[in-house]
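Structure data follow from input30.cif (mmCIF, C-alpha atoms):
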data_upload
loop_
_atom_site.label_atom_id
_atom_site.label_comp_id
_atom_site.auth_asym_id
_atom_site.auth_seq_id
_atom_site.Cartn_x
_atom_site.Cartn_y
_atom_site.Cartn_z
CA MET A 246 7.34 -80.60 -3.51
CA PRO A 247 5.41 -82.05 -6.47
CA ASP A 248 6.52 -80.63 -9.77
CA PRO A 249 3.86 -78.21 -11.13
CA ILE A 250 5.29 -78.58 -14.62
CA HIS A 251 4.96 -82.35 -14.68
CA GLN A 252 1.30 -82.13 -15.74
CA PHE A 253 2.37 -80.80 -19.13
CA ASP A 254 4.66 -83.74 -19.88
CA LEU A 255 4.01 -85.62 -23.09
CA GLU A 256 4.44 -89.36 -23.31
CA ARG A 257 4.40 -91.54 -26.37
CA LEU A 258 1.64 -94.09 -25.89
CA PHE A 259 2.23 -95.64 -29.34
CA HIS A 260 5.21 -95.04 -31.49
CA LEU A 261 4.36 -94.05 -35.00
CA ASN A 262 6.45 -92.67 -37.83
CA LEU A 263 4.78 -90.93 -40.77
CA PHE A 264 6.95 -89.88 -43.74
CA GLY A 265 9.93 -89.42 -41.50
CA TYR A 266 8.04 -87.38 -38.91
CA ASP A 267 7.46 -88.53 -35.39
CA ALA A 268 3.66 -88.94 -35.33
CA SER A 269 3.55 -90.92 -32.11
CA PHE A 270 0.19 -91.15 -30.37
CA THR A 271 0.82 -89.22 -27.16
CA ASN A 272 -1.34 -88.40 -24.17
CA SER A 273 -2.06 -85.12 -25.94
CA SER A 274 -3.30 -87.03 -28.98
CA LEU A 275 -5.41 -89.16 -26.67
CA TYR A 276 -7.09 -86.11 -25.18
CA MET A 277 -7.64 -84.60 -28.62
CA VAL A 278 -9.52 -87.77 -29.52
CA VAL A 279 -11.38 -87.61 -26.20
CA VAL A 280 -12.35 -84.01 -26.93
CA VAL A 281 -13.71 -84.89 -30.37
CA VAL A 282 -15.60 -87.92 -29.09
CA ALA A 283 -16.99 -85.95 -26.16
CA ILE A 284 -18.23 -83.09 -28.35
CA VAL A 285 -19.77 -85.23 -31.06
CA GLY A 286 -21.17 -87.73 -28.59
CA PHE A 287 -22.69 -85.09 -26.38
CA LEU A 288 -24.22 -83.09 -29.22
CA LEU A 289 -25.62 -86.15 -30.98
CA TYR A 290 -27.04 -87.51 -27.73
CA ALA A 291 -28.48 -84.12 -26.77
CA ILE A 292 -30.16 -83.47 -30.11
CA GLN A 293 -31.62 -86.94 -30.58
CA THR A 294 -34.93 -85.93 -28.95
CA ARG A 295 -35.47 -83.35 -31.73
CA SER A 296 -38.49 -82.08 -29.91
CA LEU A 297 -40.23 -78.80 -30.57
CA VAL A 298 -40.07 -77.94 -26.90
CA PRO A 299 -36.46 -78.84 -26.10
CA THR A 300 -35.43 -81.05 -23.24
CA ARG A 301 -32.70 -79.75 -20.98
CA LEU A 302 -29.92 -81.51 -22.86
CA GLN A 303 -31.33 -80.53 -26.21
CA SER A 304 -31.52 -76.90 -25.16
CA LEU A 305 -27.83 -77.10 -24.18
CA ALA A 306 -26.93 -78.21 -27.70
CA GLU A 307 -29.14 -75.52 -29.18
CA MET A 308 -27.68 -72.97 -26.79
CA ALA A 309 -24.15 -73.77 -28.01
CA TYR A 310 -25.37 -73.45 -31.60
CA GLU A 311 -27.19 -70.18 -31.01
CA PHE A 312 -24.33 -68.79 -28.94
CA VAL A 313 -21.81 -69.19 -31.76
CA ALA A 314 -24.33 -68.20 -34.42
CA GLY A 315 -25.18 -65.06 -32.43
CA MET A 316 -21.50 -64.16 -32.13
CA ILE A 317 -21.08 -64.48 -35.89
CA ARG A 318 -24.22 -62.52 -36.72
CA ASP A 319 -23.27 -59.74 -34.31
CA SER A 320 -19.77 -59.29 -35.68
CA MET A 321 -20.09 -60.24 -39.35
CA GLY A 322 -23.78 -60.22 -40.16
CA GLU A 323 -25.65 -62.99 -41.95
CA GLU A 324 -22.86 -63.14 -44.51
CA GLY A 325 -20.51 -64.59 -41.92
CA MET A 326 -22.64 -67.68 -41.45
CA LYS A 327 -20.65 -69.44 -44.17
CA PHE A 328 -17.83 -69.67 -41.62
CA PHE A 329 -20.21 -71.10 -39.04
CA PRO A 330 -18.98 -74.75 -39.16
CA LEU A 331 -15.37 -73.64 -38.80
CA ILE A 332 -16.03 -71.21 -35.97
CA PHE A 333 -18.33 -73.65 -34.18
CA THR A 334 -15.67 -76.36 -34.46
CA LEU A 335 -13.01 -73.99 -33.11
CA PHE A 336 -15.17 -72.90 -30.20
CA MET A 337 -16.25 -76.40 -29.25
CA PHE A 338 -12.75 -77.82 -29.59
CA ILE A 339 -11.14 -75.17 -27.41
CA PHE A 340 -13.98 -75.11 -24.91
CA ALA A 341 -14.05 -78.89 -24.53
CA ALA A 342 -10.24 -79.10 -24.36
CA ASN A 343 -10.12 -76.42 -21.65
CA MET A 344 -12.94 -78.01 -19.66
CA ILE A 345 -11.70 -81.58 -19.91
CA GLY A 346 -8.25 -80.31 -18.91
CA LEU A 347 -9.72 -79.18 -15.59
CA ILE A 348 -10.56 -82.74 -14.59
CA PRO A 349 -7.86 -83.69 -12.08
CA GLY A 350 -5.25 -85.86 -13.74
CA ALA A 351 -6.41 -84.98 -17.24
CA PHE A 352 -4.16 -83.46 -19.85
CA THR A 353 -4.92 -79.99 -21.22
CA VAL A 354 -4.48 -80.00 -24.98
CA THR A 355 -4.56 -76.20 -25.20
CA SER A 356 -1.71 -75.77 -22.69
CA HIS A 357 0.85 -76.46 -25.41
CA VAL A 358 1.82 -73.53 -27.55
CA ILE A 359 2.10 -75.54 -30.74
CA VAL A 360 -1.60 -76.45 -30.55
CA THR A 361 -2.85 -72.91 -29.97
CA ALA A 362 -0.40 -71.59 -32.57
CA ALA A 363 -1.75 -74.06 -35.12
CA LEU A 364 -5.32 -72.98 -34.38
CA ALA A 365 -4.41 -69.29 -34.58
CA LEU A 366 -2.57 -69.86 -37.85
CA LEU A 367 -5.58 -71.70 -39.21
CA VAL A 368 -7.66 -68.60 -38.48
CA PHE A 369 -4.96 -66.31 -39.87
CA LEU A 370 -4.74 -68.24 -43.14
CA THR A 371 -8.51 -68.44 -43.41
CA VAL A 372 -8.70 -64.66 -43.07
CA ILE A 373 -6.06 -64.13 -45.78
CA ILE A 374 -7.53 -66.68 -48.19
CA ALA A 375 -11.14 -65.61 -47.66
CA GLY A 376 -10.11 -61.94 -47.84
CA PHE A 377 -8.39 -62.28 -51.19
CA ALA A 378 -11.03 -64.67 -52.52
CA LYS A 379 -13.83 -62.25 -51.76
CA ASN A 380 -12.21 -58.87 -52.38
CA GLY A 381 -9.27 -59.64 -54.64
CA LEU A 382 -6.65 -56.96 -54.20
CA GLY A 383 -9.28 -54.84 -52.47
CA PHE A 384 -8.41 -56.86 -49.39
CA LEU A 385 -5.27 -54.74 -49.13
CA LYS A 386 -7.48 -51.78 -48.26
CA LEU A 387 -7.36 -53.33 -44.82
CA PHE A 388 -3.98 -51.67 -44.45
CA VAL A 389 -5.09 -48.31 -45.85
CA PRO A 390 -7.68 -46.83 -43.50
CA ASP A 391 -10.07 -44.26 -44.93
CA GLY A 392 -9.73 -40.59 -44.06
CA VAL A 393 -6.09 -40.67 -43.04
CA PRO A 394 -4.01 -37.74 -44.37
CA ILE A 395 -1.59 -38.80 -47.06
CA TYR A 396 1.53 -37.72 -45.15
CA VAL A 397 0.88 -40.08 -42.21
CA LEU A 398 -0.49 -42.87 -44.38
CA PRO A 399 2.81 -44.79 -44.71
CA LEU A 400 3.21 -44.79 -40.96
CA VAL A 401 -0.41 -45.88 -40.36
CA SER A 402 -0.15 -48.59 -43.01
CA ALA A 403 3.07 -49.88 -41.48
CA ILE A 404 1.34 -50.08 -38.08
CA GLU A 405 -1.65 -51.82 -39.64
CA VAL A 406 0.59 -54.39 -41.33
CA ILE A 407 2.50 -55.08 -38.14
CA SER A 408 -0.68 -55.41 -36.13
CA PHE A 409 -2.15 -57.71 -38.74
CA PHE A 410 0.84 -60.03 -38.68
CA SER A 411 1.11 -60.01 -34.91
CA ARG A 412 -2.48 -61.16 -34.60
CA PRO A 413 -1.76 -64.91 -34.74
CA ILE A 414 0.91 -64.46 -32.06
CA SER A 415 -1.34 -62.72 -29.56
CA HIS A 416 -4.25 -64.91 -30.60
CA SER A 417 -2.37 -68.12 -29.80
CA LEU A 418 -0.33 -66.93 -26.83
CA ARG A 419 -3.39 -65.58 -24.99
CA LEU A 420 -5.06 -68.99 -24.90
CA PHE A 421 -1.82 -70.89 -24.27
CA ALA A 422 -0.64 -68.60 -21.48
CA ASN A 423 -4.00 -68.58 -19.72
CA MET A 424 -4.21 -72.35 -19.70
CA LEU A 425 -0.59 -72.81 -18.71
CA ALA A 426 -0.65 -70.23 -15.92
CA GLY A 427 -3.97 -71.41 -14.53
CA HIS A 428 -2.88 -75.01 -14.33
CA ILE A 429 0.49 -74.14 -12.81
CA THR A 430 -1.24 -71.98 -10.19
CA LEU A 431 -3.57 -74.81 -9.32
CA LYS A 432 -0.73 -77.28 -8.91
CA VAL A 433 1.42 -74.86 -6.94
CA PHE A 434 -1.34 -74.19 -4.43
CA ALA A 435 -2.15 -77.90 -4.28
CA GLY A 436 1.54 -78.50 -3.61
CA PHE A 437 1.38 -76.11 -0.65
CA ILE A 438 -1.25 -78.32 0.95
CA VAL A 439 1.00 -81.35 0.77
CA MET A 440 3.99 -79.35 1.99
CA LEU A 441 2.15 -77.94 4.97
CA LEU A 442 0.74 -81.34 5.90
CA GLY A 443 4.20 -82.86 5.76
CA SER A 444 5.78 -80.10 7.83
CA ALA A 445 6.44 -80.43 11.51
CA GLY A 446 4.70 -78.33 14.15
CA ALA A 447 2.10 -75.59 13.91
CA ALA A 448 2.51 -75.03 10.17
CA LYS A 449 0.27 -78.08 9.68
CA PHE A 450 -2.71 -76.01 10.78
CA LEU A 451 -2.20 -73.51 7.97
CA MET A 452 -3.13 -76.29 5.54
CA PRO A 453 -6.78 -75.12 5.01
CA LEU A 454 -5.59 -71.81 3.56
CA PRO A 455 -4.17 -73.18 0.30
CA LEU A 456 -7.03 -75.68 0.19
CA ILE A 457 -9.56 -72.84 0.17
CA ALA A 458 -7.43 -71.06 -2.41
CA VAL A 459 -7.37 -74.15 -4.63
CA VAL A 460 -11.16 -74.42 -4.47
CA GLY A 461 -11.50 -70.76 -5.40
CA ILE A 462 -8.92 -70.96 -8.18
CA THR A 463 -10.61 -74.08 -9.57
CA ALA A 464 -13.88 -72.13 -9.88
CA LEU A 465 -11.99 -69.27 -11.48
CA GLU A 466 -10.32 -71.68 -13.91
CA PHE A 467 -13.70 -72.95 -15.07
CA LEU A 468 -14.61 -69.35 -15.85
CA VAL A 469 -11.27 -68.86 -17.63
CA ALA A 470 -11.75 -72.09 -19.58
CA PHE A 471 -15.02 -70.77 -20.99
CA LEU A 472 -13.84 -67.20 -21.31
CA GLN A 473 -10.71 -68.07 -23.28
CA ALA A 474 -12.70 -70.23 -25.67
CA TYR A 475 -15.12 -67.32 -26.05
CA VAL A 476 -12.35 -64.77 -26.54
CA PHE A 477 -10.57 -66.94 -29.10
CA THR A 478 -13.83 -67.39 -31.02
CA MET A 479 -14.79 -63.73 -30.74
CA LEU A 480 -11.41 -62.63 -32.09
CA THR A 481 -11.77 -65.16 -34.90
CA CYS A 482 -15.08 -63.52 -35.80
CA MET A 483 -13.54 -60.06 -35.74
CA TYR A 484 -10.59 -61.12 -37.88
CA LEU A 485 -12.88 -62.84 -40.37
CA ASN A 486 -15.00 -59.69 -40.46
CA ASP A 487 -11.90 -57.91 -41.76
CA ALA A 488 -11.72 -60.51 -44.52
CA LEU A 489 -15.32 -59.79 -45.52
CA HIS A 490 -15.26 -56.01 -45.07
CA PRO A 491 -11.65 -54.86 -45.42
CA SER A 492 -12.35 -51.11 -45.67
CA HIS A 493 -13.01 -49.90 -42.16
CA MET B 33 -2.87 -85.69 -9.36
CA ALA B 34 -0.33 -85.84 -12.12
CA GLN B 35 0.29 -88.65 -14.54
CA LYS B 36 2.40 -91.62 -13.50
CA VAL B 37 6.02 -91.06 -14.19
CA ASN B 38 6.77 -93.84 -16.60
CA ALA B 39 8.37 -91.73 -19.28
CA GLY B 40 11.84 -92.42 -17.99
CA THR B 41 12.26 -95.55 -20.06
CA GLU B 42 10.47 -94.08 -22.99
CA VAL B 43 12.35 -90.91 -23.79
CA PRO B 44 15.04 -91.90 -26.27
CA GLN B 45 16.38 -88.39 -26.79
CA GLY B 46 18.74 -88.70 -23.90
CA ALA B 47 19.36 -86.78 -20.75
CA GLY B 48 20.05 -83.51 -22.53
CA HIS B 49 16.41 -83.21 -23.48
CA LYS B 50 15.04 -83.76 -20.02
CA LYS B 51 15.23 -80.15 -18.98
CA VAL B 52 13.03 -78.70 -21.73
CA PHE B 53 9.86 -76.98 -20.54
CA PRO B 54 7.31 -79.50 -21.87
CA PRO B 55 4.83 -77.03 -23.45
CA LEU B 56 7.74 -75.79 -25.59
CA ASP B 57 9.31 -79.18 -26.26
CA GLN B 58 10.01 -79.24 -29.98
CA GLN B 59 10.42 -82.99 -30.26
CA PHE B 60 6.66 -83.35 -29.90
CA TYR B 61 5.66 -80.55 -32.27
CA ALA B 62 5.26 -82.84 -35.28
CA SER B 63 3.18 -85.36 -33.38
CA GLN B 64 0.95 -82.69 -31.90
CA LEU B 65 0.45 -80.95 -35.24
CA ILE B 66 -0.38 -84.20 -37.00
CA TRP B 67 -2.84 -85.35 -34.38
CA LEU B 68 -4.36 -81.90 -34.03
CA ALA B 69 -4.88 -81.79 -37.80
CA MET B 70 -6.45 -85.22 -37.83
CA THR B 71 -8.73 -84.70 -34.85
CA PHE B 72 -9.67 -81.16 -35.85
CA VAL B 73 -10.53 -82.15 -39.40
CA ALA B 74 -12.48 -85.13 -38.07
CA LEU B 75 -14.37 -82.86 -35.67
CA TYR B 76 -15.02 -80.36 -38.45
CA MET B 77 -16.38 -83.08 -40.72
CA LEU B 78 -18.52 -84.69 -38.05
CA LEU B 79 -19.95 -81.37 -36.92
CA SER B 80 -20.58 -79.86 -40.34
CA ARG B 81 -21.95 -83.04 -41.95
CA LEU B 82 -23.69 -84.78 -39.09
CA VAL B 83 -24.31 -82.69 -36.00
CA LEU B 84 -24.93 -79.12 -37.12
CA PRO B 85 -27.53 -80.01 -39.79
CA ARG B 86 -29.52 -81.83 -37.13
CA ILE B 87 -29.39 -78.93 -34.69
CA SER B 88 -30.20 -76.33 -37.33
CA GLU B 89 -33.03 -78.51 -38.59
CA VAL B 90 -34.64 -78.55 -35.16
CA ILE B 91 -34.14 -74.82 -34.68
CA ASP B 92 -35.39 -73.96 -38.17
CA GLU B 93 -38.39 -76.20 -37.72
CA ARG B 94 -39.26 -74.44 -34.50
CA GLY B 95 -38.80 -71.06 -36.15
CA ALA B 96 -40.99 -72.11 -39.08
CA ARG B 97 -43.62 -73.44 -36.70
CA ILE B 98 -43.67 -70.21 -34.72
CA ARG B 99 -43.85 -68.16 -37.91
CA ARG B 100 -46.67 -70.34 -39.18
CA ASP B 101 -48.56 -69.96 -35.92
CA LEU B 102 -48.04 -66.22 -35.96
CA ASP B 103 -49.27 -66.01 -39.54
CA GLU B 104 -52.29 -68.07 -38.62
CA ALA B 105 -53.01 -65.81 -35.68
CA GLU B 106 -52.60 -62.76 -37.91
CA ARG B 107 -55.00 -64.25 -40.44
CA LEU B 108 -57.57 -65.08 -37.77
CA LYS B 109 -57.24 -61.62 -36.33
CA SER B 110 -57.87 -59.94 -39.68
CA GLU B 111 -60.81 -62.27 -40.22
CA THR B 112 -62.22 -61.29 -36.86
CA GLU B 113 -61.78 -57.64 -37.71
CA LYS B 114 -63.54 -58.15 -41.01
CA ALA B 115 -66.44 -59.91 -39.29
CA LEU B 116 -66.61 -57.17 -36.71
CA LYS B 117 -66.68 -54.51 -39.40
CA SER B 118 -69.42 -56.22 -41.34
CA TYR B 119 -71.40 -56.68 -38.15
CA GLU B 120 -71.02 -53.01 -37.38
CA ARG B 121 -72.11 -52.11 -40.88
CA ALA B 122 -75.17 -54.35 -40.58
CA LEU B 123 -75.97 -52.78 -37.24
CA ALA B 124 -75.69 -49.28 -38.66
CA ASP B 125 -77.86 -50.25 -41.63
CA ALA B 126 -80.49 -51.71 -39.36
CA ARG B 127 -80.39 -48.65 -37.18
CA ALA B 128 -80.80 -46.31 -40.14
CA GLN B 129 -83.64 -48.41 -41.49
CA ALA B 130 -85.39 -48.43 -38.15
CA GLY B 131 -85.01 -44.65 -37.93
CA ALA B 132 -86.50 -44.22 -41.39
CA THR B 133 -89.41 -46.49 -40.54
CA VAL B 134 -90.08 -44.60 -37.34
CA LYS B 135 -90.04 -41.28 -39.15
CA GLU B 136 -92.31 -42.52 -41.90
CA THR B 137 -94.77 -44.05 -39.46
CA ARG B 138 -94.77 -40.89 -37.41
CA ALA B 139 -95.51 -38.76 -40.46
CA GLN B 140 -98.23 -41.15 -41.55
CA LEU B 141 -99.82 -41.10 -38.14
CA ALA B 142 -99.63 -37.34 -37.95
CA ALA B 143 -101.28 -37.00 -41.33
CA GLU B 144 -104.02 -39.39 -40.37
CA ASN B 145 -104.55 -37.52 -37.16
CA GLU B 146 -104.73 -34.26 -38.97
CA ARG B 147 -107.28 -35.66 -41.40
CA ALA B 148 -109.44 -37.14 -38.64
CA LYS B 149 -109.25 -33.93 -36.69
CA SER B 150 -110.23 -31.72 -39.62
CA SER B 151 -113.13 -33.99 -40.62
CA ALA B 152 -114.38 -34.05 -37.06
CA GLU B 153 -114.16 -30.27 -36.92
CA ALA B 154 -116.09 -29.96 -40.16
CA GLN B 155 -118.73 -32.31 -38.86
CA LEU B 156 -119.01 -30.37 -35.65
CA ALA B 157 -119.25 -27.09 -37.52
CA ALA B 158 -122.04 -28.50 -39.67
CA LYS B 159 -123.89 -29.69 -36.58
CA VAL B 160 -123.43 -26.34 -34.90
CA ALA B 161 -124.73 -24.52 -37.98
CA GLU B 162 -127.72 -26.83 -38.17
CA ALA B 163 -128.45 -26.35 -34.52
CA GLU B 164 -128.19 -22.61 -34.86
CA ALA B 165 -130.57 -22.65 -37.83
CA ARG B 166 -133.03 -24.75 -35.89
CA ILE B 167 -132.78 -22.41 -32.94
CA ALA B 168 -133.39 -19.40 -35.18
CA ALA B 169 -136.39 -21.06 -36.78
CA THR B 170 -137.86 -22.00 -33.43
CA LYS B 171 -137.21 -18.54 -32.16
CA SER B 172 -138.96 -16.80 -35.05
CA LYS B 173 -141.89 -19.23 -34.80
CA ALA B 174 -142.08 -18.54 -31.14
CA MET B 175 -141.96 -14.84 -31.76
CA ALA B 176 -144.84 -15.13 -34.24
CA ASN B 177 -146.81 -17.07 -31.70
CA VAL B 178 -146.03 -14.41 -29.12
CA THR B 179 -147.65 -11.72 -31.34
CA GLY B 180 -150.78 -13.85 -31.77
CA ILE B 181 -151.05 -14.50 -28.08
CA ALA B 182 -150.49 -10.84 -27.30
CA ALA B 183 -153.23 -9.82 -29.69
CA GLU B 184 -155.63 -12.30 -28.22
CA THR B 185 -154.71 -11.28 -24.72
CA ALA B 186 -155.00 -7.65 -25.59
CA SER B 187 -158.42 -8.04 -27.18
CA ALA B 188 -159.60 -10.09 -24.23
CA VAL B 189 -158.29 -7.44 -21.82
CA VAL B 190 -159.97 -4.68 -23.84
CA GLN B 191 -163.28 -6.58 -23.98
CA LYS B 192 -163.21 -7.00 -20.27
CA LEU B 193 -162.42 -3.40 -19.64
CA LEU B 194 -164.64 -1.83 -22.31
CA GLY B 195 -167.16 -4.52 -22.90
CA THR B 196 -166.61 -4.16 -26.56
CA MET B 197 -164.56 -6.25 -28.79
CA PRO B 198 -161.82 -4.21 -30.53
CA SER B 199 -161.24 -4.92 -34.13
CA VAL B 200 -158.30 -6.97 -35.12
CA ASP B 201 -156.76 -4.10 -37.02
CA GLU B 202 -156.94 -1.79 -34.01
CA VAL B 203 -155.28 -4.36 -31.79
CA LYS B 204 -152.57 -4.97 -34.34
CA LYS B 205 -151.95 -1.27 -34.67
CA ALA B 206 -151.73 -0.84 -30.95
CA LEU B 207 -149.34 -3.78 -30.57
CA ALA B 208 -147.08 -2.62 -33.32
CA SER B 209 -146.76 0.87 -31.81
#

Represent the structure contained in this file as structure tokens.
Amino acid sequence: MPDPIHQFDLERLFHLNLFGYDASFTNSSLYMVVVVVAIVGFLLYAIQTRSLVPTRLQSLAEMAYEFVAGMIRDSMGEEGMKFFPLIFTLFMFIFAANMIGLIPGAFTVTSHVIVTAALALLVFLTVIIAGFAKNGLGFLKLFVPDGVPIYVLPLVSAIEVISFFSRPISHSLRLFANMLAGHITLKVFAGFIVMLLGSAGAAKFLMPLPLIAVVGITALEFLVAFLQAYVFTMLTCMYLNDALHPSH
Amino acid sequence: MAQKVNAGTEVPQGAGHKKVFPPLDQQFYASQLIWLAMTFVALYMLLSRLVLPRISEVIDERGARIRRDLDEAERLKSETEKALKSYERALADARAQAGATVKETRAQLAAENERAKSSAEAQLAAKVAEAEARIAATKSKAMANVTGIAAETASAVVQKLLGTMPSVDEVKKALAS
């Protein structure tokens, strides 16, 4: 049976050592570059018409823009638009990485926990820095909800602190686990096809079942690829909203 | 479906590392972090400096155009309303003026009528009075004539009957009685 884990293997394409760290250019690095080139290339190509009545491609680029801008305005208001480049970059990077990862044979950048953890930590640090920069110590009101009786306040604050610090964990693991599980499921079902075909006797004729399943799961994975990018971005907006308006 | 297995000659970490679940393989953490940082920063720069300004420019331009068109439409609409109002005012003015003229003319005509009627009546009355006077005169003249004729007739009748001519005084006396 083909190994469903093999798709996550990293290989060094070029060896590189930076300041004592192994900075080798791997297949993951390659797909990160592909993701960036794909996003920038697509958006630049789509927007080049710059017409008042958008062409189909142009309206796709505008749709992506308006989609992220709408998310920010809904959760943070107009004030949140200063985070727009960051949030748009996050959304496009994750979305493109998830989508490109669904091409058979392609590597999924977001299926490695270190990548999603780094992105989640980037959001986490942005929230803390922006929160203190905007509110000073008032940012700590985040942990002291209004209208809570004084005798349960320590308990509530402790819960708030724990939930705040567990955010980057759930934020990163959600994306990582979804990508990992989806791709493993795909490969496992694809492996069934090969196994059934190779088997002797009547089991051969069961082959269409996993094939149908793989087609269905592939469609589902496209939905998940978008949905996880959306969820990651949406949570980023909500966390950044805490930085802007800590008293809730 | 999966990548070609050519990593066997490439992994220098030895056989002990082979079993690690690749998504959690720590030997690649540094490389992934470094390349993620580089590509993510590059993407951020390209998007925020190059791509997003272009998209927002197009969207803003469209928004401005739509706002401009709406303003223009609003302006034209208010202009239309103004024109309509002034037209209605002119119409009302004209109507009022026409009404006044009609009233005035009617009064004038009525007065003229009245005057013509009264003068005609006066004229008629004068003619009637004149006619009545003439009738009275004719009547009295006729009556005088009648007395003369009666006297003559009476004296003729008396002469025939008596053979004598009565005196004028006697005839007059008899007629008057």

**OP:** Give me, as a PyMOL selection string, the contact residues of chain A against chain B at a cut-off of 9 Å, counting all atoms listed in the file.
**Re:** chain A and resi 247-257+261+266-271+273-275+277-278+280-282+284-285+288-289+292-293+295-298+303+306-307+310+329-331+333-335+338+349-352+356-360+363-364+425+432

Subject >> Coordinates-based distance that separates atom CA of Ser417 of chain A from atom CA of Ala362 of chain A (Å, one decimal) >> reply: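 Distance reported for this atom pair: 4.9 Å.
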
**OP:** Name the residues that the PyMOL selection byres ((chain A and resi 372-378) around 10) pulls out of this structure, and write them as a list in words.
**Re:** Phe328, Leu366, Leu367, Val368, Phe369, Leu370, Thr371, Lys379, Asn380, Gly381, Leu382, Gly383, Phe384, Leu385, Leu387, Thr481, Cys482, Met483, Tyr484, Leu485, Asn486, Asp487, Ala488, Leu489, His490 and Pro491 of chain A

Original post:
Which neighbours of Met479 of chain A fall inside 9 Å, counting all atoms listed in the file, when residues of the same chain fewer than 6 positions from it are skipped, and could you give them as a VMD selection string?
Top reply: chain A and resid 313 316 to 317 320

Subject >> Nearby residues (all atoms listed in the file) at most 9 Å from Glu405 of chain A, same-chain spacing under 3 positions excluded, as a ChimeraX atom specification >> reply: /A:387-390,400-402,408-410

Subject >> Near-Arg419 of chain A list (10 Å; all atoms listed in the file; drop same-chain fewer than 3 positions) as a ChimeraX atom specification >> reply: /A:358,361,413-416,422-425,473,476-477

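Proximity to Ala186 of chain B was assessed for B:Val200, B:Ser118, B:Ala130, B:Thr137 counting only C-alpha atoms; the smallest distance is recorded for B:Val200.
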
Original post:
Between atom CA of Arg412 of chain A and atom CA of Tyr396 of chain A, what is the spacing in Å?
Top reply: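 Going from atom CA of Tyr396 of chain A over to atom CA of Arg412 of chain A covers 26.0 Å.
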
Original post:
Quick one, how far is atom CA of Ala139 of chain B from atom CA of Asp125 of chain B?
Top reply: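 According to the coordinates, atom CA of Ala139 of chain B and atom CA of Asp125 of chain B are separated by 21.1 Å.
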
Original post:
Skipping near chain neighbours, those fewer than 5 positions away, what residues fall within 7 Å of segment 460-469 of chain A using all atoms listed in the file, listed as a list of chain:residue names?
Top reply: A:Met344, A:Gly427, A:Leu431

Original post:
What does the PyMOL selection byres ((chain A and resi 435) around 9) select in this file, as number ranges by chain?
Top reply: A: 247, 430-434, 436-440, 455-456, 458-459
